[in-house]
Amino acid sequence: MINIDDLTIGQARELAAMFAGAHAAPPTVIDHGLQIAVLDRGFVYIGYVTTDGEWCHISDAWNIRRWGTTRGLGELVDGPTANTELDRVGNVRMPMTTLQHLIVVEAAKWQTKLD
């Protein structure tokens, strides 16, 4: 019989790995579609968002450098304003802990600006 108090750190890691592998379920990927993603430190992106519990992925992402709004970020739900400035960044991946919130947008009203 193994005395748990006598385990080395290496043995404890081996045990933890054995149990984690046996019960680990594959992550569930959720496709959120076109969204504005607000992240830590003031980063704001628009793109096609998927999450898997640990990571947030934004494909075809654009950084919203200047909102160009008079009533806040929520005004961009109905598309960009004439003063909205975007920078294409490609694909972005960040830990879920940095995601503050997502804002659903009217995709059709953004298409001409994102093409």
# chains A, B, ... in the order shown; residues from 1 in each chain; ligands from 1
>>> select_by_dssp(residues="region 5-110 of chain A", states="strand (DSSP E or B)", output="PyMOL selection string")
chain A and resi 30-39+44-51+55-66+85-95+99-104
>>> residues_around(residues="Met94 (chain A)", least_positions_apart="2", cutoff="12 Å", atoms="only C-alpha atoms", output="list in words")
Ala37, Val38, Leu39, Asp40, Phe43, Tyr45, Val49, Thr50, Thr51, Asp52, Gly53, Glu54, Trp55, Cys56, His57, Ile58, Ser59, Asn91, Val92, Met96, Thr97, Thr98, Leu99 and Gln100 of chain A
>>> write_last_selection(atoms="N, CA and C atoms", output="PDB file, in the first residue's frame")
ATOM      1  N   ALA A  37     -15.406  41.691 -29.534  1.00  0.00           N
ATOM      2  CA  ALA A  37     -14.812  41.102 -28.338  1.00  0.00           C
ATOM      3  C   ALA A  37     -14.038  42.174 -27.590  1.00  0.00           C
ATOM      4  N   VAL A  38     -14.405  42.385 -26.334  1.00  0.00           N
ATOM      5  CA  VAL A  38     -13.720  43.351 -25.482  1.00  0.00           C
ATOM      6  C   VAL A  38     -12.805  42.566 -24.546  1.00  0.00           C
ATOM      7  N   LEU A  39     -11.503  42.890 -24.599  1.00  0.00           N
ATOM      8  CA  LEU A  39     -10.500  42.161 -23.829  1.00  0.00           C
ATOM      9  C   LEU A  39      -9.889  43.061 -22.762  1.00  0.00           C
ATOM     10  N   ASP A  40      -9.085  42.434 -21.917  1.00  0.00           N
ATOM     11  CA  ASP A  40      -8.303  43.189 -20.938  1.00  0.00           C
ATOM     12  C   ASP A  40      -7.458  44.254 -21.621  1.00  0.00           C
ATOM     13  N   PHE A  43      -8.176  46.309 -25.324  1.00  0.00           N
ATOM     14  CA  PHE A  43      -8.208  45.784 -26.684  1.00  0.00           C
ATOM     15  C   PHE A  43      -9.635  45.461 -27.087  1.00  0.00           C
ATOM     16  N   TYR A  45     -11.795  43.975 -30.522  1.00  0.00           N
ATOM     17  CA  TYR A  45     -11.716  43.367 -31.840  1.00  0.00           C
ATOM     18  C   TYR A  45     -13.112  43.055 -32.354  1.00  0.00           C
ATOM     19  N   VAL A  49     -15.927  34.702 -33.720  1.00  0.00           N
ATOM     20  CA  VAL A  49     -15.459  34.223 -32.418  1.00  0.00           C
ATOM     21  C   VAL A  49     -15.890  32.785 -32.165  1.00  0.00           C
ATOM     22  N   THR A  50     -14.929  31.972 -31.717  1.00  0.00           N
ATOM     23  CA  THR A  50     -15.228  30.657 -31.164  1.00  0.00           C
ATOM     24  C   THR A  50     -14.534  30.553 -29.813  1.00  0.00           C
ATOM     25  N   THR A  51     -15.155  29.796 -28.907  1.00  0.00           N
ATOM     26  CA  THR A  51     -14.555  29.567 -27.596  1.00  0.00           C
ATOM     27  C   THR A  51     -14.575  28.074 -27.312  1.00  0.00           C
ATOM     28  N   ASP A  52     -13.604  27.633 -26.508  1.00  0.00           N
ATOM     29  CA  ASP A  52     -13.553  26.211 -26.154  1.00  0.00           C
ATOM     30  C   ASP A  52     -13.405  25.998 -24.650  1.00  0.00           C
ATOM     31  N   GLY A  53     -13.752  26.984 -23.870  1.00  0.00           N
ATOM     32  CA  GLY A  53     -13.649  26.863 -22.421  1.00  0.00           C
ATOM     33  C   GLY A  53     -12.342  27.400 -21.870  1.00  0.00           C
ATOM     34  N   GLU A  54     -11.253  27.200 -22.587  1.00  0.00           N
ATOM     35  CA  GLU A  54      -9.944  27.676 -22.150  1.00  0.00           C
ATOM     36  C   GLU A  54      -9.429  28.817 -23.022  1.00  0.00           C
ATOM     37  N   TRP A  55      -9.764  28.775 -24.319  1.00  0.00           N
ATOM     38  CA  TRP A  55      -9.271  29.759 -25.279  1.00  0.00           C
ATOM     39  C   TRP A  55     -10.415  30.413 -26.021  1.00  0.00           C
ATOM     40  N   CYS A  56     -10.181  31.664 -26.402  1.00  0.00           N
ATOM     41  CA  CYS A  56     -11.083  32.401 -27.282  1.00  0.00           C
ATOM     42  C   CYS A  56     -10.307  32.633 -28.575  1.00  0.00           C
ATOM     43  N   HIS A  57     -10.923  32.293 -29.698  1.00  0.00           N
ATOM     44  CA  HIS A  57     -10.300  32.453 -31.014  1.00  0.00           C
ATOM     45  C   HIS A  57     -11.138  33.447 -31.815  1.00  0.00           C
ATOM     46  N   ILE A  58     -10.473  34.404 -32.452  1.00  0.00           N
ATOM     47  CA  ILE A  58     -11.159  35.343 -33.332  1.00  0.00           C
ATOM     48  C   ILE A  58     -10.512  35.222 -34.707  1.00  0.00           C
ATOM     49  N   SER A  59     -11.271  34.723 -35.666  1.00  0.00           N
ATOM     50  CA  SER A  59     -10.741  34.602 -37.024  1.00  0.00           C
ATOM     51  C   SER A  59     -11.210  35.797 -37.850  1.00  0.00           C
ATOM     52  N   ASN A  91      -5.833  36.473 -37.371  1.00  0.00           N
ATOM     53  CA  ASN A  91      -6.414  35.613 -36.346  1.00  0.00           C
ATOM     54  C   ASN A  91      -5.818  35.939 -34.989  1.00  0.00           C
ATOM     55  N   VAL A  92      -6.677  35.957 -33.981  1.00  0.00           N
ATOM     56  CA  VAL A  92      -6.262  36.283 -32.619  1.00  0.00           C
ATOM     57  C   VAL A  92      -6.674  35.127 -31.717  1.00  0.00           C
ATOM     58  N   MET A  96      -9.266  32.618 -22.150  1.00  0.00           N
ATOM     59  CA  MET A  96     -10.614  33.075 -21.804  1.00  0.00           C
ATOM     60  C   MET A  96     -10.588  34.075 -20.638  1.00  0.00           C
ATOM     61  N   THR A  97      -9.567  33.999 -19.796  1.00  0.00           N
ATOM     62  CA  THR A  97      -9.488  34.911 -18.653  1.00  0.00           C
ATOM     63  C   THR A  97      -9.314  36.363 -19.076  1.00  0.00           C
ATOM     64  N   THR A  98      -8.873  36.608 -20.320  1.00  0.00           N
ATOM     65  CA  THR A  98      -8.699  37.986 -20.781  1.00  0.00           C
ATOM     66  C   THR A  98      -9.938  38.546 -21.464  1.00  0.00           C
ATOM     67  N   LEU A  99     -10.914  37.673 -21.768  1.00  0.00           N
ATOM     68  CA  LEU A  99     -12.147  38.108 -22.432  1.00  0.00           C
ATOM     69  C   LEU A  99     -13.089  38.729 -21.408  1.00  0.00           C
ATOM     70  N   GLN A 100     -13.430  39.997 -21.605  1.00  0.00           N
ATOM     71  CA  GLN A 100     -14.342  40.682 -20.696  1.00  0.00           C
ATOM     72  C   GLN A 100     -15.795  40.442 -21.087  1.00  0.00           C
TER      73      GLN A 100
END
>>> select_by_dssp(residues="chain A", states="helix (DSSP H, G or I)", output="count of residues only")
38
>>> atom_distance(atom1="CA of Leu86 (chain A)", atom2="CA of Ile46 (chain A)")
9.0 Å
>>> residues_around(residues="Leu73 (chain A)", least_positions_apart="6", cutoff="12 Å", atoms="only C-alpha atoms", output="PyMOL selection string")
chain A and resi 36-38+42+44-46+64-67+79-81+84+101-105
>>> closest_residue(among="A:Glu106, A:Asp60, A:Asp115, A:Glu14", to="Val89 (chain A)", atoms="only C-alpha atoms")
A:Asp60
>>> closest_residue(among="A:His32, A:Arg13, A:Arg41, A:Lys113", to="Arg88 (chain A)", atoms="only C-alpha atoms")
A:Lys113
>>> atom_distance(atom1="CA of Asn63 (chain A)", atom2="CA of Gly47 (chain A)")
8.9 Å
>>> atom_distance(atom1="CA of Asn83 (chain A)", atom2="CA of Thr69 (chain A)")
7.4 Å
>>> closest_residue(among="A:Ile2, A:Ala82, A:Ala61, A:Ala107", to="Leu34 (chain A)", atoms="only C-alpha atoms")
A:Ala107
